[in-house]
$ cat final.csv   # CSV, C-alpha atoms
chain,number,residue,atom,x,y,z
A,130,MET,CA,0.0,0.0,0.0
A,131,THR,CA,1.4,3.4,-1.1
A,132,THR,CA,1.3,6.2,1.5
A,133,ALA,CA,-0.1,9.4,0.1
A,134,VAL,CA,2.3,12.3,0.0
A,135,THR,CA,1.2,15.3,2.1
A,136,THR,CA,2.4,18.7,1.1
A,137,PRO,CA,4.0,20.6,4.0
A,138,HIS,CA,1.8,23.6,4.4
A,139,ARG,CA,4.5,25.5,6.4
A,140,LEU,CA,7.2,24.9,3.8
A,141,THR,CA,8.1,28.3,2.3
A,142,SER,CA,11.1,29.7,0.4
A,143,GLU,CA,12.1,31.7,3.6
A,144,CYS,CA,12.1,28.4,5.6
A,145,ILE,CA,14.2,26.7,3.0
A,146,GLU,CA,16.8,29.5,2.9
A,147,SER,CA,17.1,29.6,6.7
A,148,VAL,CA,17.6,25.9,6.9
A,149,VAL,CA,20.3,26.0,4.1
A,150,ALA,CA,22.1,28.9,5.9
A,151,SER,CA,22.2,26.9,9.1
A,152,LEU,CA,24.0,23.8,7.5
A,153,PRO,CA,27.7,23.1,7.8
A,154,VAL,CA,29.7,25.0,5.2
A,155,GLN,CA,30.3,22.0,2.9
A,156,SER,CA,26.7,21.0,2.9
A,157,ARG,CA,25.5,24.6,2.6
A,158,VAL,CA,27.7,25.2,-0.5
A,159,MET,CA,26.5,21.9,-2.1
A,160,ILE,CA,22.8,22.7,-1.6
A,161,ARG,CA,23.2,26.2,-3.0
A,162,LEU,CA,25.0,24.9,-6.0
A,163,LEU,CA,22.3,22.3,-6.7
A,164,LEU,CA,19.6,25.0,-6.4
A,165,LEU,CA,21.7,27.6,-8.1
A,166,GLN,CA,18.8,29.1,-10.2
A,167,TYR,CA,17.0,29.9,-7.0
A,168,LEU,CA,19.6,30.5,-4.3
A,169,GLU,CA,22.6,32.8,-4.2
A,170,VAL,CA,26.1,31.6,-3.7
A,171,SER,CA,28.0,34.0,-1.5
A,172,GLN,CA,31.5,35.2,-1.9
A,173,GLU,CA,32.4,33.2,1.3
A,174,ASP,CA,31.1,30.1,-0.4
A,175,CYS,CA,33.3,30.8,-3.4
A,176,ARG,CA,36.4,31.2,-1.1
A,177,PHE,CA,35.6,27.9,0.6
A,178,ILE,CA,35.4,26.1,-2.8
A,179,ALA,CA,38.7,27.6,-3.9
A,180,GLU,CA,40.4,26.4,-0.7
A,181,ASP,CA,38.7,23.0,-0.9
A,182,GLN,CA,39.8,22.3,-4.5
A,183,PRO,CA,42.6,19.7,-4.7
A,184,ASP,CA,45.9,20.9,-6.1
A,185,SER,CA,46.8,18.8,-9.1
A,186,ARG,CA,50.5,19.2,-8.4
A,187,PHE,CA,50.2,17.3,-5.1
A,188,LEU,CA,47.7,14.5,-6.0
A,189,ALA,CA,50.3,11.8,-5.4
A,190,GLY,CA,51.0,13.1,-1.9
A,191,GLY,CA,49.6,15.3,0.8
A,192,GLN,CA,47.9,18.6,0.0
A,193,PRO,CA,49.7,21.8,1.1
A,194,LEU,CA,48.3,23.6,4.1
A,195,LYS,CA,48.2,27.0,2.3
A,196,LYS,CA,47.0,27.1,-1.3
A,197,GLN,CA,48.8,29.4,-3.7
A,198,HIS,CA,47.0,31.8,-6.1
A,199,ALA,CA,43.8,31.6,-4.0
A,200,THR,CA,42.6,35.0,-5.3
A,201,ALA,CA,42.7,33.9,-8.9
A,202,ALA,CA,40.9,30.7,-8.0
A,203,VAL,CA,38.1,32.6,-6.3
A,204,VAL,CA,37.7,34.8,-9.4
A,205,GLU,CA,37.5,31.8,-11.7
A,206,ILE,CA,34.9,30.1,-9.4
A,207,THR,CA,32.9,33.3,-9.1
A,208,ASP,CA,32.8,33.6,-12.9
A,209,ARG,CA,31.7,30.0,-13.3
A,210,VAL,CA,29.0,30.4,-10.7
A,211,ALA,CA,27.7,33.6,-12.5
A,212,GLN,CA,27.8,31.8,-15.9
A,213,TYR,CA,25.8,28.8,-14.7
A,214,SER,CA,23.4,31.0,-12.8
A,215,MET,CA,22.7,33.3,-15.7
A,216,PHE,CA,22.2,30.3,-18.1
A,217,PHE,CA,19.7,28.5,-15.9
A,218,ARG,CA,17.8,31.6,-14.9
A,219,GLN,CA,17.5,32.7,-18.5
A,220,LYS,CA,16.4,29.2,-19.4
A,221,ARG,CA,13.5,29.7,-17.0
A,222,GLU,CA,12.9,33.3,-17.9
A,223,ARG,CA,12.4,32.6,-21.7
A,224,PRO,CA,9.2,30.5,-21.3
A,225,TRP,CA,8.0,32.8,-18.5
A,226,LEU,CA,8.2,35.8,-20.9
A,227,GLN,CA,6.3,33.7,-23.5
A,228,ILE,CA,3.5,33.1,-21.0
A,229,GLU,CA,3.3,36.8,-20.2
A,230,CYS,CA,3.2,37.9,-23.9
A,231,LEU,CA,0.6,35.2,-24.8
A,232,LYS,CA,-1.7,36.3,-22.0
A,233,LYS,CA,-1.7,39.8,-23.3
A,234,GLN,CA,-2.1,38.6,-26.9
A,235,ARG,CA,-5.0,36.4,-25.9
A,236,ALA,CA,-6.7,39.2,-24.1
A,237,LEU,CA,-6.4,41.4,-27.2
A,238,THR,CA,-7.7,38.6,-29.4
A,239,ASP,CA,-10.7,38.0,-27.1
A,240,LEU,CA,-11.6,41.7,-27.2
A,241,THR,CA,-11.3,41.7,-31.0
A,242,ILE,CA,-13.5,38.7,-31.3
A,243,THR,CA,-16.1,40.5,-29.1
A,244,ALA,CA,-15.9,43.5,-31.4
A,245,ALA,CA,-16.3,41.3,-34.5
A,246,GLU,CA,-19.4,39.5,-33.0
A,247,GLY,CA,-20.9,42.9,-32.1
A,248,LEU,CA,-20.5,44.2,-35.7
A,249,ILE,CA,-21.8,40.9,-37.2
A,250,THR,CA,-25.0,40.8,-35.1
A,251,SER,CA,-25.8,44.5,-34.5
A,252,ARG,CA,-24.7,46.2,-37.7
A,253,PHE,CA,-25.0,43.6,-40.4
A,254,HIS,CA,-27.8,41.6,-38.7
A,255,VAL,CA,-26.4,38.2,-39.5
A,256,GLU,CA,-28.5,35.2,-38.4
A,257,PRO,CA,-27.3,33.5,-35.2
A,258,SER,CA,-27.3,30.1,-37.1
A,259,VAL,CA,-24.8,31.6,-39.6
A,260,VAL,CA,-22.6,32.8,-36.8
A,261,ARG,CA,-22.8,29.4,-35.1
A,262,THR,CA,-21.8,27.7,-38.4
A,263,CYS,CA,-18.8,30.0,-38.8
A,264,ARG,CA,-17.7,29.3,-35.3
A,265,GLU,CA,-17.9,25.5,-35.7
A,266,THR,CA,-16.1,25.4,-39.1
A,267,ALA,CA,-13.5,28.0,-38.3
A,268,MET,CA,-10.7,25.5,-37.8
A,269,SER,CA,-11.3,23.6,-41.1
A,270,ALA,CA,-12.3,26.5,-43.3
A,271,LEU,CA,-10.2,27.6,-46.3
A,272,LEU,CA,-10.0,31.3,-45.8
A,273,LYS,CA,-7.7,32.3,-48.7
A,274,PRO,CA,-9.9,30.8,-51.5
A,275,GLU,CA,-12.9,32.5,-50.0
A,276,ILE,CA,-11.1,35.9,-50.0
A,277,ARG,CA,-10.1,35.4,-53.6
A,278,ARG,CA,-13.7,34.5,-54.5
A,279,LEU,CA,-14.9,37.7,-52.8
A,280,GLU,CA,-12.3,39.8,-54.6
A,281,ARG,CA,-13.4,38.4,-58.0
A,282,ALA,CA,-17.0,38.9,-57.3
A,283,TRP,CA,-16.3,42.5,-56.3
A,284,GLU,CA,-14.3,43.2,-59.4
A,285,GLN,CA,-17.0,41.7,-61.6
A,286,GLU,CA,-19.7,43.8,-59.8
A,287,ALA,CA,-21.5,40.6,-58.8
A,288,ILE,CA,-21.8,41.7,-55.1
A,289,THR,CA,-22.7,44.9,-53.3
A,290,ALA,CA,-20.3,46.7,-50.9
A,291,ASP,CA,-22.4,45.7,-47.8
A,292,ASP,CA,-22.5,42.1,-48.8
A,293,TYR,CA,-18.8,42.1,-49.5
A,294,GLN,CA,-18.0,43.6,-46.1
A,295,GLN,CA,-20.4,41.3,-44.3
A,296,GLN,CA,-18.8,38.1,-45.8
A,297,ARG,CA,-15.3,39.6,-45.4
A,298,LEU,CA,-16.1,40.2,-41.7
A,299,LEU,CA,-17.2,36.6,-41.2
A,300,ILE,CA,-13.9,35.5,-42.7
A,301,ALA,CA,-12.0,37.8,-40.3
A,302,TYR,CA,-14.1,36.4,-37.5
A,303,GLN,CA,-13.1,32.8,-38.3
A,304,SER,CA,-9.5,33.9,-38.6
A,305,LEU,CA,-9.6,35.4,-35.1
A,306,LEU,CA,-11.1,32.2,-33.7
A,307,ARG,CA,-8.3,30.2,-35.3
A,308,GLN,CA,-5.8,32.6,-33.9
A,309,ARG,CA,-7.2,32.3,-30.4
A,310,GLU,CA,-7.0,28.5,-30.5
A,311,LYS,CA,-3.4,28.7,-31.8
A,312,GLN,CA,-2.5,31.1,-28.9
A,313,ARG,CA,-4.1,28.6,-26.4
A,314,ARG,CA,-1.9,25.8,-27.6
A,315,ARG,CA,1.2,28.0,-27.5
A,316,LEU,CA,0.3,29.0,-23.9
A,317,ASP,CA,-0.1,25.4,-22.9
A,318,ASN,CA,3.3,24.5,-24.4
A,319,ALA,CA,5.0,27.5,-22.8
A,320,THR,CA,3.5,26.6,-19.4
A,321,ARG,CA,4.7,23.1,-19.6
A,322,GLU,CA,8.2,24.2,-20.6
A,323,PHE,CA,8.3,26.7,-17.7
A,324,GLU,CA,7.3,24.0,-15.2
A,325,ARG,CA,10.0,21.7,-16.5
A,326,SER,CA,12.7,24.3,-16.5
A,327,GLY,CA,12.0,25.0,-12.8
A,328,LEU,CA,12.0,21.5,-11.5
A,329,ALA,CA,15.5,20.4,-12.4
A,330,PRO,CA,18.5,21.0,-10.1
A,331,LEU,CA,22.1,21.2,-11.4
A,332,GLN,CA,23.5,17.9,-12.7
A,333,ASP,CA,26.5,16.3,-11.0
A,334,HIS,CA,28.9,17.1,-13.8
A,335,GLU,CA,27.9,20.8,-13.7
A,336,VAL,CA,28.5,21.0,-10.0
A,337,ALA,CA,31.8,19.2,-10.4
A,338,HIS,CA,32.8,21.7,-13.0
A,339,ILE,CA,32.1,24.6,-10.7
A,340,TRP,CA,33.7,23.0,-7.7
A,341,GLY,CA,36.6,21.5,-9.5
A,342,ILE,CA,36.5,18.1,-7.8
A,343,PRO,CA,36.2,14.6,-9.3
A,344,MET,CA,32.8,12.9,-9.7
A,345,GLY,CA,33.6,10.2,-7.1
A,346,SER,CA,34.3,12.7,-4.4
A,347,LEU,CA,31.3,14.8,-5.4
A,348,SER,CA,28.8,11.9,-5.1
A,349,ALA,CA,29.8,11.3,-1.5
A,350,ARG,CA,29.6,15.0,-0.6
A,351,LYS,CA,26.2,15.3,-2.3
A,352,VAL,CA,24.7,12.4,-0.3
A,353,LYS,CA,26.0,13.9,2.9
A,354,ALA,CA,24.7,17.4,2.1
A,355,LEU,CA,21.2,16.1,1.2
A,356,THR,CA,21.1,14.1,4.4
A,357,HIS,CA,22.0,17.1,6.5
A,358,TYR,CA,19.5,19.3,4.6
A,359,LEU,CA,16.6,16.9,4.7
A,360,THR,CA,17.1,16.1,8.4
A,361,ALA,CA,17.4,19.8,9.4
A,362,LEU,CA,14.3,20.7,7.3
A,363,GLN,CA,12.3,17.8,8.8
A,364,THR,CA,13.3,19.0,12.3
A,365,GLN,CA,12.4,22.6,11.5
A,366,LEU,CA,8.9,21.6,10.2
A,367,GLU,CA,8.2,19.5,13.3
A,368,GLN,CA,9.3,22.4,15.6
A,369,GLU,CA,7.0,24.8,13.8
A,370,GLN,CA,4.1,22.4,14.0
A,371,GLY,CA,2.1,22.8,17.2
A,372,PRO,CA,1.6,19.9,19.6
A,373,SER,CA,-2.1,20.0,19.0
A,374,GLU,CA,-1.9,19.8,15.3
A,375,PRO,CA,-2.0,16.4,13.6
A,376,SER,CA,1.3,14.9,12.5
A,377,HIS,CA,2.0,15.0,8.8
A,378,GLY,CA,3.9,12.2,7.0
A,379,TYR,CA,6.3,14.4,5.0
A,380,GLN,CA,7.8,12.6,2.0
A,381,ASP,CA,10.1,13.6,-0.7
A,382,LEU,CA,11.0,16.9,0.8
A,383,TRP,CA,13.7,17.5,-1.8
A,384,GLN,CA,11.1,17.5,-4.7
A,385,GLU,CA,8.9,19.6,-2.5
A,386,THR,CA,11.7,22.1,-1.9
A,387,ILE,CA,12.2,22.5,-5.7
A,388,ARG,CA,8.5,22.9,-6.2
A,389,VAL,CA,8.2,25.6,-3.6
A,390,LEU,CA,11.3,27.5,-5.0
A,391,SER,CA,9.9,27.2,-8.5
A,392,LYS,CA,7.1,29.5,-7.6
A,393,LYS,CA,9.5,32.4,-7.0
A,394,PRO,CA,9.2,35.1,-9.6
A,395,CYS,CA,11.7,35.1,-12.4
A,396,GLN,CA,14.5,37.7,-12.4
A,397,ARG,CA,14.5,40.0,-15.4
A,398,SER,CA,17.7,39.8,-17.4
A,399,VAL,CA,19.4,42.8,-19.0
A,400,VAL,CA,20.2,41.8,-22.5
A,401,SER,CA,21.1,43.6,-25.7
A,402,PHE,CA,20.3,43.0,-29.3
A,403,ILE,CA,22.1,40.1,-30.9
A,404,PRO,CA,21.7,39.6,-34.7
A,405,GLY,CA,20.1,36.3,-35.5
A,406,ILE,CA,16.4,36.8,-35.6
A,407,GLU,CA,16.7,39.9,-37.8
A,408,ARG,CA,19.7,41.8,-39.1
A,409,THR,CA,19.0,45.0,-37.3
A,410,GLU,CA,17.0,46.0,-34.2
A,411,GLU,CA,14.8,48.4,-36.2
A,412,ILE,CA,13.6,45.6,-38.5
A,413,LEU,CA,12.9,43.4,-35.4
A,414,LEU,CA,10.9,46.1,-33.7
A,415,GLU,CA,8.9,46.7,-36.8
A,416,LYS,CA,7.9,43.1,-37.1
A,417,LEU,CA,7.2,42.8,-33.4
A,418,THR,CA,4.8,45.7,-33.7
A,419,MET,CA,3.0,44.0,-36.6
A,420,PHE,CA,2.9,40.8,-34.5
A,421,ALA,CA,1.4,42.7,-31.5
A,422,ASP,CA,-1.3,44.5,-33.4
A,423,GLY,CA,-2.4,41.4,-35.4
A,424,SER,CA,-1.5,42.8,-38.8
A,425,MET,CA,1.0,40.1,-39.6
A,426,PRO,CA,-0.2,37.4,-42.1
A,427,GLU,CA,-1.1,34.1,-40.5
A,428,ALA,CA,1.6,32.1,-42.3
A,429,VAL,CA,4.3,34.6,-41.5
A,430,GLU,CA,3.1,35.0,-38.0
A,431,SER,CA,3.6,31.3,-37.2
A,432,ASN,CA,7.2,31.3,-38.5
A,433,PHE,CA,8.0,34.6,-36.7
A,434,TRP,CA,6.7,33.2,-33.4
A,435,GLN,CA,9.1,30.2,-33.7
A,436,LEU,CA,12.0,32.6,-34.4
A,437,ILE,CA,11.5,34.8,-31.4
A,438,THR,CA,10.9,31.9,-28.9
A,439,ARG,CA,13.3,29.2,-29.9
A,440,ILE,CA,16.8,28.6,-28.5
A,441,HIS,CA,19.2,30.3,-31.0
A,442,ASP,CA,22.4,28.3,-30.7
A,443,SER,CA,25.3,29.2,-32.9
A,444,GLU,CA,29.0,28.7,-33.0
A,445,HIS,CA,29.7,32.4,-32.5
A,446,SER,CA,27.6,33.1,-29.5
A,447,GLY,CA,28.1,29.7,-27.8
A,448,PRO,CA,25.7,27.8,-25.6
A,449,TRP,CA,25.6,30.6,-22.9
A,450,ASN,CA,24.0,33.2,-25.1
A,451,ASN,CA,21.4,31.0,-26.8
A,452,HIS,CA,18.5,32.3,-24.7
A,453,ALA,CA,19.5,36.0,-24.9
A,454,ARG,CA,18.1,36.5,-28.4
A,455,ALA,CA,14.7,35.2,-27.5
A,456,ILE,CA,14.6,37.1,-24.2
A,457,PHE,CA,15.4,40.4,-26.0
A,458,ALA,CA,12.7,39.9,-28.5
A,459,LEU,CA,10.1,38.8,-25.9
A,460,GLN,CA,11.0,41.7,-23.6
A,461,ARG,CA,10.4,44.2,-26.5
A,462,LEU,CA,7.2,42.4,-27.5
A,463,PHE,CA,5.9,42.7,-23.9
A,464,ALA,CA,6.7,46.4,-23.9
A,465,ILE,CA,4.9,47.0,-27.2
A,466,GLN,CA,1.9,45.1,-26.0
A,467,SER,CA,1.8,47.1,-22.7
A,468,ASP,CA,2.0,50.4,-24.6
A,469,SER,CA,-0.8,49.5,-27.0
A,470,GLU,CA,-4.2,48.7,-25.3
A,471,PRO,CA,-7.0,49.5,-27.8
A,472,THR,CA,-10.6,49.9,-26.7
A,473,LEU,CA,-13.6,48.1,-28.1
A,474,ASP,CA,-14.6,51.0,-30.3
A,475,GLU,CA,-11.1,51.3,-31.8
A,476,LEU,CA,-11.1,47.6,-32.6
A,477,GLU,CA,-14.5,47.9,-34.3
A,478,GLU,CA,-13.2,50.8,-36.4
A,479,MET,CA,-10.1,48.7,-37.3
A,480,LEU,CA,-12.3,45.8,-38.4
A,481,LEU,CA,-14.5,48.0,-40.6
A,482,LYS,CA,-11.5,49.5,-42.2
A,483,THR,CA,-9.7,46.2,-43.0
A,484,THR,CA,-12.9,44.5,-44.3
A,485,LYS,CA,-14.0,47.5,-46.4
A,486,PRO,CA,-13.8,46.7,-50.2
A,487,LYS,CA,-11.4,48.7,-52.3
A,488,SER,CA,-12.9,51.5,-54.4
A,489,LYS,CA,-13.0,50.9,-58.1
A,490,ASP,CA,-12.2,54.6,-58.7
A,491,GLU,CA,-8.9,54.3,-56.9
A,492,GLU,CA,-6.3,54.0,-59.6
A,493,LEU,CA,-2.6,54.3,-59.5
A,494,PRO,CA,-1.5,57.8,-60.6
A,495,ALA,CA,0.1,57.8,-64.0
A,496,HIS,CA,3.9,58.3,-64.0
A,497,GLN,CA,4.7,61.8,-65.2
A,498,PRO,CA,8.2,62.3,-66.4
A,499,ASP,CA,10.1,65.1,-64.8
A,500,GLU,CA,10.5,67.8,-67.4
A,501,SER,CA,12.8,69.9,-65.4
A,502,SER,CA,16.3,69.7,-66.9
A,503,LEU,CA,19.0,68.4,-64.6
A,504,GLU,CA,22.1,70.6,-64.3
A,505,LEU,CA,25.4,68.9,-63.7
A,506,SER,CA,27.9,70.3,-61.3
A,507,GLU,CA,31.4,71.3,-62.4
A,508,GLN,CA,32.8,68.1,-60.9
A,509,ALA,CA,30.3,66.0,-62.8
A,510,LEU,CA,31.1,67.8,-66.1
A,511,GLY,CA,34.8,67.2,-65.5
A,512,VAL,CA,34.2,63.5,-65.0
A,513,LEU,CA,32.2,63.3,-68.2
A,514,ASN,CA,34.9,65.2,-70.2
A,515,ALA,CA,37.6,62.9,-68.9
A,516,PHE,CA,35.6,59.8,-70.1
A,517,ALA,CA,34.9,61.5,-73.5
A,518,GLY,CA,38.5,62.5,-74.1
A,519,GLU,CA,39.8,65.3,-76.3
A,520,ILE,CA,38.0,66.1,-79.5
A,521,ASP,CA,40.0,65.3,-82.7
A,522,ASP,CA,40.2,68.5,-84.7
A,523,LYS,CA,40.8,66.6,-87.9
A,524,ARG,CA,37.4,65.0,-87.8
A,525,THR,CA,35.7,68.4,-87.7
A,526,HIS,CA,37.0,69.4,-91.2
$ encode --input "final.csv" --output "structure tokens"
Amino acid sequence: MTTAVTTPHRLTSECIESVVASLPVQSRVMIRLLLLQYLEVSQEDCRFIAEDQPDSRFLAGGQPLKKQHATAAVVEITDRVAQYSMFFRQKRERPWLQIECLKKQRALTDLTITAAEGLITSRFHVEPSVVRTCRETAMSALLKPEIRRLERAWEQEAITADDYQQQRLLIAYQSLLRQREKQRRRLDNATREFERSGLAPLQDHEVAHIWGIPMGSLSARKVKALTHYLTALQTQLEQEQGPSEPSHGYQDLWQETIRVLSKKPCQRSVVSFIPGIERTEEILLEKLTMFADGSMPEAVESNFWQLITRIHDSEHSGPWNNHARAIFALQRLFAIQSDSEPTLDELEEMLLKTTKPKSKDEELPAHQPDESSLELSEQALGVLNAFAGEIDDKRTH
């Protein structure tokens, strides 16, 4: 019979940090390294790691009592800690930014759908059965052929302007329903990725790289540190529990520790533009604006979302910068979405404008040649004379 796992209702991030701080120095450093994306490794911990590292020159004999070049070792360990910390926190920040951007995008799409439904029922007086059919067939409808059919009918004067706009608005309504479903799937995927990224501690080889010790020695220290931490945490929870309260069978406190720490808010990274998604920052911001206001075509929008959310690994940036491109794009997208919050009336006007048929009287203006004579400068005349060369006087006779 399997005993049900009871979640410790008193287990908080503050309780975890206080228990870790009370551990012996070796166990404290080990737990902080394992939970590096949530806990801070102090400078004192880095000095202990530097002093604890074995000297490769004395592996065959006893270690020296005083290590040489301790300052340089502390700097190297601090850099490695910062490198791993940045990588794992950005790995968690990227799906978190996706969630925040998709929430804003879904709110805008829902409001636009409400505006479209209001226009369809109140202004164009479409039957509820027709609206219901459009809603049910939105995911399987072929929208582009319908738009081309409407354009041909309008050019051949086989449909009125009101009928054209009514049918065009129904197509836009179906496109919005498909977009909302696509955003729901994206939000589910981002949520699962965010949960997975927060439930994984550092691997043994990563901790060994930071500490600079062999894997065999690391395994023994890891078991000892986890034993110290779980025992101290169990004791702390039992002391905080009153004598009149029922006893809880706490199990798997290590996984519960990670689950509690994963609820902490993500730290925002300060990143700069890195070419990869687009060549320049201006082009990227222009496309992000089109993506935010919904004016980007459906096929282009799907590819662009993959570009701004995937891990961009390259031989030039290395594995430690592969989240920075996506984080920069998502941070700018979130800022654009926060600055632009249209009202229901503005969205109705936008829908009427985009579904309005093109006027047949609108023609491209004819190209008129510029009759004004172009005068060349003295430098240009000199260049032309140099190409022409000197005039042969014999040919003039």
$ residues_around --input "final.csv" --residues "region 161-170 of chain A" --least-positions-apart "5" --cutoff "9 Å" --atoms "only C-alpha atoms" --output "list in words"
Glu146, Val149, Ser156, Cys175, Thr207, Val210, Tyr213, Ser214, Met215, Phe216, Phe217, Arg218, Arg221, Gly327, Ala329, Pro330, Leu331, Gln332, Asp333, Val336, Ile339, Ile387, Leu390, Ser391 and Lys393 of chain A
$ write_last_selection --input "final.csv" --atoms "C-alpha atoms" --output "short mmCIF file (atom, residue, chain, number, x, y, z; two decimals), in the coordinates of the input"
data_model
loop_
_atom_site.label_atom_id
_atom_site.label_comp_id
_atom_site.auth_asym_id
_atom_site.auth_seq_id
_atom_site.Cartn_x
_atom_site.Cartn_y
_atom_site.Cartn_z
CA GLU A 146 16.80 29.50 2.90
CA VAL A 149 20.30 26.00 4.10
CA SER A 156 26.70 21.00 2.90
CA CYS A 175 33.30 30.80 -3.40
CA THR A 207 32.90 33.30 -9.10
CA VAL A 210 29.00 30.40 -10.70
CA TYR A 213 25.80 28.80 -14.70
CA SER A 214 23.40 31.00 -12.80
CA MET A 215 22.70 33.30 -15.70
CA PHE A 216 22.20 30.30 -18.10
CA PHE A 217 19.70 28.50 -15.90
CA ARG A 218 17.80 31.60 -14.90
CA ARG A 221 13.50 29.70 -17.00
CA GLY A 327 12.00 25.00 -12.80
CA ALA A 329 15.50 20.40 -12.40
CA PRO A 330 18.50 21.00 -10.10
CA LEU A 331 22.10 21.20 -11.40
CA GLN A 332 23.50 17.90 -12.70
CA ASP A 333 26.50 16.30 -11.00
CA VAL A 336 28.50 21.00 -10.00
CA ILE A 339 32.10 24.60 -10.70
CA ILE A 387 12.20 22.50 -5.70
CA LEU A 390 11.30 27.50 -5.00
CA SER A 391 9.90 27.20 -8.50
CA LYS A 393 9.50 32.40 -7.00
#
$ atom_distance --input "final.csv" --atom1 "CA of Ser488 (chain A)" --atom2 "CA of Lys416 (chain A)"
28.3 Å
$ atom_distance --input "final.csv" --atom1 "CA of Leu226 (chain A)" --atom2 "CA of Arg209 (chain A)"
25.4 Å
$ closest_residue --input "final.csv" --among "A:Leu316, A:Val429, A:Ala458, A:Ile300" --to "Lys233 (chain A)" --atoms "all atoms listed in the file"
A:Leu316
$ residues_around --input "final.csv" --residues "region 261-265 of chain A" --least-positions-apart "2" --cutoff "12 Å" --atoms "all atoms listed in the file" --output "PyMOL selection string"
chain A and resi 242+246+249-250+255-259+267-272+296+298-307+309-310
$ atom_distance --input "final.csv" --atom1 "CA of Glu385 (chain A)" --atom2 "CA of Leu140 (chain A)"
8.4 Å
$ closest_residue --input "final.csv" --among "A:Asp422, A:Leu366, A:His334, A:Glu322" --to "Glu222 (chain A)" --atoms "all atoms listed in the file"
A:Glu322
$ residues_around --input "final.csv" --residues "Leu414 (chain A)" --least-positions-apart "4" --cutoff "12 Å" --atoms "only C-alpha atoms" --output "number ranges by chain"
A: 402, 406-410, 418-421, 437, 457-466
$ write_last_selection --input "final.csv" --atoms "C-alpha atoms" --output "JSON list (two decimals), in the coordinates of the input"
[["chain", "number", "residue", "atom", "x", "y", "z"],
["A", 402, "PHE", "CA", 20.30, 43.00, -29.30],
["A", 406, "ILE", "CA", 16.40, 36.80, -35.60],
["A", 407, "GLU", "CA", 16.70, 39.90, -37.80],
["A", 408, "ARG", "CA", 19.70, 41.80, -39.10],
["A", 409, "THR", "CA", 19.00, 45.00, -37.30],
["A", 410, "GLU", "CA", 17.00, 46.00, -34.20],
["A", 418, "THR", "CA", 4.80, 45.70, -33.70],
["A", 419, "MET", "CA", 3.00, 44.00, -36.60],
["A", 420, "PHE", "CA", 2.90, 40.80, -34.50],
["A", 421, "ALA", "CA", 1.40, 42.70, -31.50],
["A", 437, "ILE", "CA", 11.50, 34.80, -31.40],
["A", 457, "PHE", "CA", 15.40, 40.40, -26.00],
["A", 458, "ALA", "CA", 12.70, 39.90, -28.50],
["A", 459, "LEU", "CA", 10.10, 38.80, -25.90],
["A", 460, "GLN", "CA", 11.00, 41.70, -23.60],
["A", 461, "ARG", "CA", 10.40, 44.20, -26.50],
["A", 462, "LEU", "CA", 7.20, 42.40, -27.50],
["A", 463, "PHE", "CA", 5.90, 42.70, -23.90],
["A", 464, "ALA", "CA", 6.70, 46.40, -23.90],
["A", 465, "ILE", "CA", 4.90, 47.00, -27.20],
["A", 466, "GLN", "CA", 1.90, 45.10, -26.00]]
$ residues_around --input "final.csv" --residues "Arg139 (chain A)" --least-positions-apart "5" --cutoff "10 Å" --atoms "only C-alpha atoms" --output "VMD selection string"
chain A and resid 144 365 to 367 369 to 370
$ closest_residue --input "final.csv" --among "A:Cys395, A:Phe433, A:Pro426, A:Pro486" --to "Gln219 (chain A)" --atoms "all atoms listed in the file"
A:Cys395
$ residues_around --input "final.csv" --residues "region 475-485 of chain A" --least-positions-apart "4" --cutoff "7 Å" --atoms "all atoms listed in the file" --output "VMD selection string"
chain A and resid 241 244 to 245 294 297 to 298 471
$ write_last_selection --input "final.csv" --atoms "C-alpha atoms" --output "PDB file, keeping the file's coordinate frame"
ATOM      1  CA  THR A 241     -11.300  41.700 -31.000  1.00  0.00           C
ATOM      2  CA  ALA A 244     -15.900  43.500 -31.400  1.00  0.00           C
ATOM      3  CA  ALA A 245     -16.300  41.300 -34.500  1.00  0.00           C
ATOM      4  CA  GLN A 294     -18.000  43.600 -46.100  1.00  0.00           C
ATOM      5  CA  ARG A 297     -15.300  39.600 -45.400  1.00  0.00           C
ATOM      6  CA  LEU A 298     -16.100  40.200 -41.700  1.00  0.00           C
ATOM      7  CA  PRO A 471      -7.000  49.500 -27.800  1.00  0.00           C
TER       8      PRO A 471
END
$ closest_residue --input "final.csv" --among "A:His357, A:Arg388, A:His338, A:Arg350" --to "Asp208 (chain A)" --atoms "only C-alpha atoms"
A:His338
$ closest_residue --input "final.csv" --among "A:Ala428, A:Met344, A:Leu382, A:Ile178" --to "Glu205 (chain A)" --atoms "all atoms listed in the file"
A:Ile178
$ closest_residue --input "final.csv" --among "A:Ile228, A:Ala236, A:Val260, A:Ala455" --to "Phe323 (chain A)" --atoms "all atoms listed in the file"
A:Ile228
